[in-house]
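**Student:** Structure file protein_16.cif, mmCIF, C-alpha atoms, is pasted below:
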```
data_my_file
loop_
_atom_site.label_atom_id
_atom_site.label_comp_id
_atom_site.auth_asym_id
_atom_site.auth_seq_id
_atom_site.Cartn_x
_atom_site.Cartn_y
_atom_site.Cartn_z
CA MET R 1 26.02 64.73 -3.05
CA LYS R 2 24.59 67.92 -4.50
CA ARG R 3 23.44 70.70 -2.21
CA THR R 4 20.33 72.87 -2.72
CA GLY R 5 20.87 76.62 -2.58
CA LEU R 6 19.42 78.65 0.27
CA PHE R 7 16.93 80.64 -1.75
CA VAL R 8 15.69 77.63 -3.69
CA SER R 9 14.78 75.81 -0.48
CA LEU R 10 13.52 79.01 1.10
CA LEU R 11 11.12 79.91 -1.67
CA LEU R 12 9.63 76.55 -2.52
CA PHE R 13 7.10 76.34 0.29
CA ILE R 14 3.59 75.50 -0.82
CA LEU R 15 1.61 75.54 2.41
CA CYS R 16 2.40 78.87 4.03
CA VAL R 17 0.32 80.31 6.83
CA VAL R 18 -2.43 82.43 5.34
CA PRO R 19 -4.83 84.79 7.10
CA ALA R 20 -8.18 83.35 8.16
CA LEU R 21 -10.39 85.10 5.63
CA SER R 22 -13.89 84.41 4.48
CA GLU R 23 -14.44 82.66 1.15
CA ALA R 24 -15.71 85.94 -0.27
CA GLU R 25 -12.45 87.63 0.66
CA ASP R 26 -10.26 84.68 -0.29
CA PRO R 27 -12.17 82.47 -2.75
CA VAL R 28 -11.34 78.83 -3.40
CA ALA R 29 -8.80 78.46 -6.20
CA VAL R 30 -8.43 74.67 -6.09
CA ARG R 31 -10.82 72.08 -4.71
CA VAL R 32 -10.30 68.30 -4.66
CA GLY R 33 -13.18 66.35 -3.17
CA GLU R 34 -13.58 67.59 0.41
CA VAL R 35 -10.34 69.60 0.42
CA ALA R 36 -10.18 73.22 -0.74
CA TYR R 37 -7.29 75.66 -1.08
CA PRO R 38 -7.85 79.44 -1.15
CA ARG R 39 -6.60 81.84 -3.76
CA SER R 40 -3.99 83.28 -1.35
CA LEU R 41 -2.33 79.88 -0.93
CA VAL R 42 -2.12 79.13 -4.66
CA GLN R 43 -0.94 82.71 -5.28
CA PHE R 44 1.86 82.19 -2.76
CA ALA R 45 2.87 78.90 -4.39
CA TYR R 46 3.00 80.53 -7.82
CA THR R 47 4.77 83.69 -6.64
CA SER R 48 7.43 81.65 -4.81
CA SER R 49 8.29 79.78 -8.00
CA LEU R 50 8.33 83.04 -9.94
CA ASP R 51 10.72 84.61 -7.41
CA VAL R 52 13.11 81.67 -7.75
CA ALA R 53 13.03 81.89 -11.55
CA ARG R 54 13.70 85.63 -11.45
CA ALA R 55 16.57 85.16 -9.01
CA PHE R 56 18.31 82.70 -11.32
CA ASN R 57 17.22 83.79 -14.80
CA GLY R 58 16.11 87.41 -14.62
CA GLU R 59 12.98 88.24 -16.58
CA VAL R 60 10.44 85.43 -17.02
CA SER R 61 8.40 85.01 -20.21
CA ASP R 62 4.61 84.85 -20.27
CA GLU R 63 4.84 81.24 -21.43
CA ASP R 64 7.03 80.30 -18.46
CA ARG R 65 4.72 82.16 -16.07
CA GLN R 66 1.79 80.15 -17.33
CA ALA R 67 3.78 76.92 -16.93
CA MET R 68 4.61 77.87 -13.34
CA LEU R 69 0.96 78.54 -12.58
CA ASP R 70 -0.05 75.22 -14.13
CA SER R 71 2.60 73.48 -12.03
CA ALA R 72 1.46 75.18 -8.82
CA ILE R 73 -2.15 74.16 -9.45
CA GLU R 74 -1.14 70.60 -10.33
CA ARG R 75 0.79 70.28 -7.11
CA MET R 76 -2.15 71.59 -5.09
CA ILE R 77 -4.37 69.01 -6.81
CA GLY R 78 -1.83 66.31 -5.97
CA ILE R 79 -1.74 67.37 -2.31
CA GLY R 80 -5.54 67.35 -2.33
CA VAL R 81 -5.68 63.80 -3.69
CA ILE R 82 -3.26 62.63 -0.99
CA GLU R 83 -5.23 64.33 1.78
CA ASN R 84 -8.51 62.82 0.59
CA LYS R 85 -6.99 59.35 0.35
CA LEU R 86 -5.45 59.49 3.81
CA LYS R 87 -8.72 60.69 5.34
CA GLU R 88 -10.47 57.71 3.76
CA LEU R 89 -7.81 55.40 5.21
CA GLY R 90 -7.88 57.03 8.66
CA GLN R 91 -4.22 57.98 8.22
CA TYR R 92 -4.56 61.73 7.89
CA ASP R 93 -4.06 62.94 11.47
CA PHE R 94 -0.90 62.97 13.59
CA THR R 95 -0.39 61.80 17.14
CA GLU R 96 0.75 64.24 19.82
CA GLU R 97 4.21 62.68 19.68
CA GLU R 98 4.39 63.05 15.91
CA LEU R 99 3.23 66.67 16.12
CA GLY R 100 5.91 67.35 18.73
CA THR R 101 8.59 65.92 16.46
CA ILE R 102 7.31 67.95 13.50
CA GLN R 103 7.19 71.13 15.60
CA TYR R 104 10.75 70.63 16.84
CA SER R 105 12.03 69.94 13.32
CA ALA R 106 10.20 73.00 11.98
CA GLN R 107 11.72 75.20 14.69
CA GLN R 108 15.21 73.91 13.85
CA GLN R 109 14.64 74.47 10.14
CA TYR R 110 13.32 77.99 10.70
CA GLU R 111 16.33 78.90 12.84
CA GLN R 112 18.75 77.47 10.27
CA THR R 113 17.01 79.38 7.49
CA TRP R 114 17.12 82.56 9.56
CA GLN R 115 20.85 82.14 10.20
CA GLU R 116 21.66 81.40 6.57
CA LEU R 117 19.58 84.32 5.31
CA TYR R 118 21.09 86.70 7.84
CA SER R 119 24.59 85.56 6.88
CA VAL R 120 23.95 86.08 3.17
CA LEU R 121 22.29 89.48 3.59
CA HIS R 122 24.82 90.73 6.15
CA GLU R 123 27.65 89.79 3.82
CA GLN R 124 26.04 91.90 1.10
CA ASP R 125 25.13 94.79 3.42
CA GLU R 126 26.59 95.07 6.92
CA SER R 127 23.81 97.46 7.96
CA VAL R 128 21.20 94.65 7.82
CA THR R 129 19.84 94.01 11.32
CA GLU R 130 18.51 90.85 12.92
CA GLU R 131 15.13 92.54 13.33
CA GLU R 132 14.95 93.27 9.60
CA VAL R 133 15.63 89.63 8.72
CA THR R 134 12.98 88.44 11.17
CA GLN R 135 10.49 90.97 9.82
CA TRP R 136 11.20 89.99 6.21
CA LEU R 137 10.58 86.31 6.97
CA GLN R 138 7.39 87.21 8.79
CA ASP R 139 6.14 89.46 6.00
CA GLU R 140 6.79 86.77 3.39
CA GLY R 141 5.00 84.09 5.41
CA TYR R 142 8.06 82.04 6.37
CA SER R 143 7.13 81.21 9.97
CA VAL R 144 7.61 78.14 12.12
CA ASP R 145 3.99 77.29 11.31
CA ALA R 146 4.80 77.44 7.60
CA PHE R 147 7.65 74.98 8.09
CA CYS R 148 5.29 72.76 10.12
CA ARG R 149 2.68 72.75 7.37
CA GLU R 150 5.26 71.88 4.73
CA ALA R 151 6.59 69.10 6.97
CA MET R 152 3.06 67.73 7.31
CA VAL R 153 2.67 67.70 3.53
CA ASN R 154 5.93 65.78 3.20
CA GLU R 155 5.04 63.37 6.02
CA ARG R 156 1.69 62.57 4.42
CA GLN R 157 3.45 61.88 1.14
CA PHE R 158 5.81 59.49 2.96
CA ARG R 159 2.76 57.75 4.43
CA MET R 160 1.36 57.24 0.96
CA LEU R 161 4.69 55.88 -0.24
CA SER R 162 4.75 53.47 2.67
CA ILE R 163 1.17 52.33 2.13
CA TYR R 164 1.18 51.94 -1.66
CA CYS R 165 4.81 51.76 -2.80
CA ASP R 166 6.78 49.63 -0.34
CA ASP R 167 6.80 46.79 -2.86
CA VAL R 168 9.12 48.74 -5.18
CA LEU R 169 12.46 46.94 -5.55
CA LEU R 170 15.41 47.92 -7.73
CA THR R 171 18.29 45.90 -9.14
CA GLN R 172 21.85 47.21 -9.23
CA ASP R 173 21.35 47.80 -12.96
CA ASP R 174 18.33 49.97 -12.11
CA VAL R 175 20.41 51.97 -9.63
CA LYS R 176 23.26 52.38 -12.13
CA ARG R 177 20.80 53.55 -14.80
CA PHE R 178 19.34 56.06 -12.34
CA TYR R 179 22.81 57.33 -11.45
CA MET R 180 23.78 57.78 -15.07
CA GLU R 181 20.51 59.43 -16.15
CA THR R 182 20.08 61.66 -13.10
CA TYR R 183 23.61 62.71 -12.23
CA VAL R 184 26.16 61.79 -14.88
CA GLU R 185 24.55 62.50 -18.25
CA PRO R 186 23.39 66.06 -17.39
CA GLU R 187 26.96 66.93 -16.37
CA ARG R 188 28.47 65.16 -19.37
CA GLU R 189 26.27 67.31 -21.59
CA LYS R 190 27.36 70.48 -19.79
CA TYR R 191 31.07 69.87 -19.33
CA GLU R 192 32.44 67.37 -21.85
CA HIS R 193 33.13 70.01 -24.49
CA ASP R 194 33.02 73.16 -22.34
CA ILE R 195 36.11 73.46 -20.15
CA GLY R 196 35.28 77.09 -19.36
CA ARG R 197 31.96 76.11 -17.83
CA TYR R 198 33.53 73.25 -15.88
CA GLU R 199 36.18 75.63 -14.55
CA SER R 200 33.66 78.24 -13.40
CA GLU R 201 31.09 75.85 -11.94
CA ILE R 202 33.31 73.12 -10.49
CA VAL R 203 37.00 74.04 -10.27
CA ALA R 204 36.52 77.65 -9.12
CA THR R 205 34.11 76.57 -6.38
CA ASN R 206 36.13 73.51 -5.28
CA GLY R 207 33.06 71.50 -6.19
CA GLU R 208 32.71 67.85 -7.09
CA ALA R 209 31.39 66.63 -10.42
CA PHE R 210 29.88 63.36 -11.53
CA PHE R 211 31.58 63.74 -14.89
CA VAL R 212 35.12 65.05 -15.47
CA PRO R 213 36.28 66.14 -18.95
CA GLU R 214 39.37 64.55 -20.49
CA GLY R 215 42.71 66.30 -20.25
CA TYR R 216 42.98 67.48 -16.65
CA ARG R 217 46.26 66.92 -14.86
CA TYR R 218 47.30 67.32 -11.23
CA ILE R 219 49.99 69.92 -10.51
CA LYS R 220 52.09 70.80 -7.47
CA GLN R 221 54.55 73.64 -7.09
CA ILE R 222 57.54 74.95 -5.23
CA LEU R 223 57.20 78.69 -4.74
CA LEU R 224 60.31 80.74 -4.00
CA PRO R 225 59.95 84.28 -2.66
CA MET R 226 60.58 87.22 -4.94
CA PRO R 227 64.07 88.61 -4.23
CA GLU R 228 63.77 91.80 -2.21
CA GLU R 229 65.72 93.93 -4.68
CA VAL R 230 63.36 92.87 -7.49
CA SER R 231 60.31 93.58 -5.31
CA LYS R 232 61.58 97.12 -4.72
CA ALA R 233 62.31 97.65 -8.40
CA LEU R 234 58.85 96.44 -9.34
CA LYS R 235 57.00 99.03 -7.26
CA PRO R 236 57.49 101.98 -9.64
CA CYS R 237 56.76 99.67 -12.57
CA ALA R 238 53.50 98.62 -10.93
CA ARG R 239 52.51 102.27 -10.41
CA ARG R 240 53.13 103.00 -14.07
CA VAL R 241 50.99 99.98 -15.04
CA GLN R 242 48.16 101.17 -12.79
CA ASN R 243 48.30 104.69 -14.19
CA ALA R 244 48.31 103.38 -17.76
CA LEU R 245 45.37 101.10 -16.93
CA LYS R 246 43.34 104.00 -15.50
CA THR R 247 44.07 106.05 -18.60
CA ALA R 248 43.05 103.20 -20.91
CA GLN R 249 39.82 102.70 -18.96
CA ALA R 250 39.03 106.41 -19.16
CA ARG R 251 39.69 106.48 -22.93
CA TYR R 252 37.42 103.44 -23.32
CA VAL R 253 34.58 105.16 -21.48
CA GLU R 254 35.03 108.24 -23.67
CA LEU R 255 34.90 106.06 -26.78
CA ALA R 256 31.74 104.31 -25.57
CA GLU R 257 30.02 107.61 -24.78
CA ALA R 258 31.00 109.03 -28.16
CA ALA R 259 29.72 105.91 -29.92
CA ALA R 260 26.29 106.46 -28.39
CA GLU R 261 26.09 109.85 -30.11
CA ALA R 262 28.03 109.19 -33.33
CA LYS R 263 26.28 109.09 -36.67
CA THR R 264 29.21 107.58 -38.60
CA MET R 265 32.49 105.86 -37.73
CA ASP R 266 34.35 108.99 -38.81
CA ASP R 267 32.84 110.76 -35.81
CA LEU R 268 34.75 108.37 -33.55
CA ALA R 269 38.19 108.75 -35.13
CA ALA R 270 39.65 110.94 -32.38
CA GLN R 271 38.35 108.76 -29.55
CA GLN R 272 39.50 105.56 -31.27
CA ALA R 273 42.98 106.98 -31.78
CA ALA R 274 43.15 108.06 -28.12
CA TYR R 275 42.07 104.64 -26.94
CA ARG R 276 44.57 102.84 -29.20
CA GLU R 277 47.33 105.07 -27.90
CA ALA R 278 46.33 104.39 -24.29
CA ARG R 279 46.20 100.64 -24.93
CA ALA R 280 49.63 100.72 -26.55
CA LEU R 281 51.04 102.51 -23.53
CA LEU R 282 49.43 99.96 -21.19
CA ASP R 283 50.90 97.07 -23.18
CA GLU R 284 54.31 98.79 -23.10
CA GLN R 285 54.18 99.24 -19.32
CA MET R 286 53.00 95.66 -18.80
CA ALA R 287 55.90 94.37 -20.91
CA ALA R 288 58.34 96.47 -18.88
CA TYR R 289 56.86 95.12 -15.65
CA GLU R 290 57.15 91.51 -16.81
CA GLU R 291 60.71 92.12 -18.01
CA LYS R 292 61.64 93.46 -14.57
CA GLN R 293 60.02 90.39 -12.98
CA ARG R 294 62.34 88.15 -14.96
CA ASP R 295 65.31 89.80 -13.21
CA ALA R 296 64.43 87.45 -10.35
CA LEU R 297 65.47 84.34 -12.29
CA PRO R 298 69.27 84.77 -12.21
CA LEU R 299 69.07 85.79 -8.56
CA VAL R 300 67.45 82.48 -7.53
CA LYS R 301 69.34 80.32 -10.04
CA ASP R 302 71.55 78.69 -7.42
CA THR R 303 68.42 77.61 -5.52
CA THR R 304 66.52 76.39 -8.57
CA ASP R 305 69.58 74.48 -9.81
CA GLU R 306 69.83 72.84 -6.40
CA ILE R 307 66.17 71.86 -6.53
CA TYR R 308 66.53 70.25 -9.97
CA GLU R 309 69.70 68.47 -8.90
CA ARG R 310 68.13 67.04 -5.76
CA TYR R 311 64.95 66.05 -7.62
CA ASN R 312 66.96 64.23 -10.31
CA ALA R 313 68.84 62.45 -7.52
CA GLY R 314 65.55 60.94 -6.34
CA ILE R 315 64.36 63.30 -3.60
CA LEU R 316 60.54 63.33 -3.38
CA PHE R 317 58.96 66.50 -4.69
CA GLU R 318 56.89 66.83 -1.47
CA ASP R 319 60.14 66.82 0.54
CA LEU R 320 61.53 69.54 -1.70
CA MET R 321 58.30 71.52 -1.25
CA GLN R 322 58.74 71.37 2.52
CA ALA R 323 62.38 72.38 2.25
CA TYR R 324 62.06 75.29 -0.19
CA SER R 325 58.48 76.41 -0.85
CA THR R 326 56.78 79.38 0.79
CA ASP R 327 53.47 77.84 -0.33
CA THR R 328 52.70 75.37 2.45
CA SER R 329 49.55 73.97 0.84
CA ARG R 330 49.37 70.55 -0.83
CA GLN R 331 52.66 69.38 0.66
CA SER R 332 51.12 66.12 1.87
CA ALA R 333 51.70 63.07 -0.31
CA ASP R 334 47.98 62.33 0.10
CA ASP R 335 47.09 65.56 -1.72
CA PRO R 336 47.11 64.91 -5.48
CA GLY R 337 47.64 68.58 -6.40
CA PHE R 338 45.55 71.24 -8.12
CA PRO R 339 43.80 70.52 -11.44
CA PHE R 340 44.96 72.15 -14.67
CA HIS R 341 43.64 71.79 -18.20
CA PRO R 342 45.50 73.01 -21.31
CA ASP R 343 42.27 74.61 -22.59
CA SER R 344 41.78 76.64 -19.41
CA LYS R 345 41.65 80.42 -19.79
CA ASN R 346 42.04 81.18 -16.08
CA TRP R 347 45.83 81.24 -15.75
CA PRO R 348 48.46 83.94 -16.41
CA GLU R 349 49.99 83.32 -19.80
CA ALA R 350 53.43 82.40 -18.46
CA VAL R 351 51.98 79.91 -15.96
CA HIS R 352 49.60 78.40 -18.53
CA ASP R 353 52.35 77.94 -21.08
CA ALA R 354 54.68 76.31 -18.54
CA LEU R 355 52.00 73.91 -17.33
CA ALA R 356 50.81 73.05 -20.83
CA ALA R 357 54.40 72.28 -21.88
CA LEU R 358 54.73 69.50 -19.31
CA GLU R 359 54.51 66.26 -21.28
CA LYS R 360 54.23 63.44 -18.75
CA PRO R 361 53.84 62.80 -15.02
CA GLY R 362 57.08 63.57 -13.19
CA ASP R 363 58.14 66.42 -15.49
CA LEU R 364 59.25 69.70 -13.88
CA SER R 365 58.73 73.09 -15.46
CA GLU R 366 61.36 75.72 -16.01
CA PRO R 367 61.22 78.48 -13.35
CA VAL R 368 58.26 80.81 -13.91
CA VAL R 369 57.95 84.29 -12.42
CA THR R 370 54.67 85.83 -11.25
CA ASP R 371 53.76 88.46 -8.69
CA ALA R 372 53.76 85.68 -6.09
CA GLY R 373 57.40 84.74 -6.70
CA VAL R 374 59.28 82.11 -8.69
CA HIS R 375 57.47 78.83 -9.37
CA ILE R 376 58.65 75.37 -10.27
CA PHE R 377 55.71 73.15 -11.26
CA ARG R 378 55.54 69.35 -11.30
CA TYR R 379 53.14 67.25 -13.37
CA MET R 380 51.91 64.87 -10.65
CA GLY R 381 49.53 62.73 -12.68
CA ASP R 382 46.31 62.70 -14.64
CA VAL R 383 42.93 63.48 -13.15
CA PRO R 384 40.62 60.48 -13.68
CA ALA R 385 38.30 61.49 -16.51
CA GLY R 386 34.77 60.41 -17.30
CA VAL R 387 32.21 59.07 -14.87
CA HIS R 388 32.86 59.66 -11.18
CA GLU R 389 33.34 56.39 -9.30
CA LEU R 390 31.08 56.43 -6.27
CA THR R 391 32.40 55.80 -2.79
CA ASP R 392 30.52 53.31 -0.62
CA GLU R 393 28.79 56.20 1.15
CA GLU R 394 27.84 57.85 -2.14
CA GLN R 395 26.63 54.53 -3.55
CA ALA R 396 24.31 54.09 -0.56
CA ALA R 397 22.98 57.62 -1.03
CA VAL R 398 22.35 57.02 -4.75
CA GLU R 399 20.57 53.75 -4.02
CA GLU R 400 18.34 55.52 -1.50
CA ALA R 401 17.60 58.30 -3.99
CA ALA R 402 16.88 55.79 -6.76
CA VAL R 403 14.41 53.82 -4.62
CA TYR R 404 12.71 57.01 -3.51
CA ALA R 405 12.42 58.22 -7.12
CA ALA R 406 10.94 54.88 -8.21
CA LYS R 407 8.41 54.92 -5.38
CA LEU R 408 7.49 58.51 -6.16
CA SER R 409 7.01 57.63 -9.81
CA LYS R 410 4.64 54.82 -8.86
CA LEU R 411 2.74 57.10 -6.48
CA GLN R 412 2.38 59.78 -9.16
CA THR R 413 0.95 57.20 -11.55
CA LEU R 414 -1.57 56.11 -8.92
CA MET R 415 -2.47 59.71 -8.14
CA GLN R 416 -3.29 60.34 -11.79
CA GLN R 417 -5.70 57.43 -11.61
CA TRP R 418 -7.18 58.56 -8.27
CA GLN R 419 -7.98 62.00 -9.63
CA ASN R 420 -10.90 60.34 -11.43
CA ASP R 421 -12.35 59.46 -8.00
CA TYR R 422 -12.83 63.07 -6.94
CA GLU R 423 -14.57 66.14 -8.19
CA ILE R 424 -11.84 68.66 -9.00
CA GLU R 425 -12.17 72.34 -9.74
CA ALA R 426 -9.45 74.89 -10.41
CA HIS R 427 -9.66 78.64 -11.01
CA PRO R 428 -6.36 79.84 -12.51
CA GLU R 429 -8.06 83.10 -13.50
CA LEU R 430 -7.95 84.13 -9.81
CA ILE R 431 -4.15 84.15 -9.77
CA ASP R 432 -2.17 87.29 -10.59
CA LEU R 433 0.62 86.30 -12.98
CA ASP R 434 2.58 89.52 -12.47
#
```
Please rewrite the model in this file as structure tokens.
**Tutor:**
Amino acid sequence: MKRTGLFVSLLLFILCVVPALSEAEDPVAVRVGEVAYPRSLVQFAYTSSLDVARAFNGEVSDEDRQAMLDSAIERMIGIGVIENKLKELGQYDFTEEELGTIQYSAQQQYEQTWQELYSVLHEQDESVTEEEVTQWLQDEGYSVDAFCREAMVNERQFRMLSIYCDDVLLTQDDVKRFYMETYVEPEREKYEHDIGRYESEIVATNGEAFFVPEGYRYIKQILLPMPEEVSKALKPCARRVQNALKTAQARYVELAEAAAEAKTMDDLAAQQAAYREARALLDEQMAAYEEKQRDALPLVKDTTDEIYERYNAGILFEDLMQAYSTDTSRQSADDPGFPFHPDSKNWPEAVHDALAALEKPGDLSEPVVTDAGVHIFRYMGDVPAGVHELTDEEQAAVEEAAVYAAKLSKLQTLMQQWQNDYEIEAHPELIDLD
């Protein structure tokens, strides 16, 4: 199923460890009955949400900041209601065995978070040290104790679900409705008419989607090596392309800088002409490079003719891949191939056109030359479109998620009613929104 990103999970703690300060130094920001939460705790909850929003969306509006603060306070009130209820029921405290389990789990979670954070930061900057990662976590309040406190919050919520919501039962229709509303429809809305977004978010990441747009087909290829004499001839062509590209980039920068100072379009005439000339030269060099690439086709014609002849005689394409292809991936008959959509913008023009021209499963393309060599593509079949059919394991996971969501919904309804049983005060004015 879907995975939660590192920084989302890392920054969503509510009950961090806060310094033991007096109420004068750290006044109560939220109080529910006998339970009170200091300003520092609510500030941390709000700031964590703000950090996540900034990480994903950049600048955050004043309206969104206020909504985040309201949400943080509402969650603190909800936690307070749960804690009051459990104290009344004598279910608030944990046994020594339960505390040991929570402590062990918190330690494991802290170590996993540390490893994931170190890996991410070290990949971005190899100079990052282990000590710096540890210090950052400590400074931000992400300690083993913080994980323990969050685990206690979750465990108390599970206790409430067990006490008040175990009577929740769902039919298969309920589960199907949950699956469609929670997983399928959001992805249908995103991807059904936006192949570019599906390509960047799903195909490029080798991800799995709950909804697949129409039109995808599975493709396999035989890749023949570029003839050595063509490879040698391409090297000076490639240098000319690189030089022309650098010149075009430089002319573009000059045009952009001139545009920042220009008062009229006439002031840019010289820079525009220089850029057009550079672009024309780049296009010319690219055309020459591609023309030289096509010199490979007659040199491998005997091999490609042999491949077509053997394929038409009934030899399996996977067997031909094993016999001829330098690309050893996807040679298994169990591998359906890589996905391609005619509306995709992520392929070289020659490859895209060859793949798009394939009309039905079983069709082979004409030989296509790229920097990798000479390709022969086969249309293997169509990618099942529409709603993803769940495996037995996925179905069980969806059923579990659906039951949990239904129980949580019931608990939230009860908590709204229970709020009337307690005196509640909140002081959002104590929280710094910046």
**Student:** Considering all atoms listed in the file, can you say which of R:His122, R:Lys220, R:Arg54, R:Arg31 comes closest to Gly80 of chain R?
**Tutor:** R:Arg31
**Student:** In Å, rounded to a single decimal, give me how far atom CA of Pro339 of chain R is from atom CA of Pro384 of chain R.
**Tutor:**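 These atoms are spaced 10.8 Å apart.
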**Student:** Which polymer residues have any atom within 9 Å of an atom of segment 328-332 of chain R, counting all atoms listed in the file, with same-chain residues fewer than 3 positions away left out, as an MDAnalysis selection string?
**Tutor:** chainID R and resid 220:221 317:319 321:322 325 335:338
**Student:** Please evaluate the PyMOL selection byres ((chain R and resi 426-432) around 9) against the structure above and give the resulting residues as a PyMOL selection string.
**Tutor:** chain R and resi 27-32+39-40+42-43+46-47+69-70+73+77+424-425+433-434
**Student:** The PyMOL selection byres ((chain R and resi 87-89) around 12) on the file shown: which residues, as a list of chain:residue names?
**Tutor:**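 Output of the PyMOL selection byres ((chain R and resi 87-89) around 12): R:Gly33, R:Glu34, R:Val35, R:Gly80, R:Val81, R:Ile82, R:Glu83, R:Asn84, R:Lys85, R:Leu86, R:Gly90, R:Gln91, R:Tyr92, R:Asp93, R:Phe94, R:Arg156, R:Arg159, R:Met160, R:Ile163, R:Tyr164.
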**Student:** Which distance in Å separates atom CA of Ala233 of chain R and atom CA of Asp327 of chain R, to one decimal?
**Tutor:**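 Atom CA of Ala233 of chain R sits 23.1 Å away from atom CA of Asp327 of chain R.
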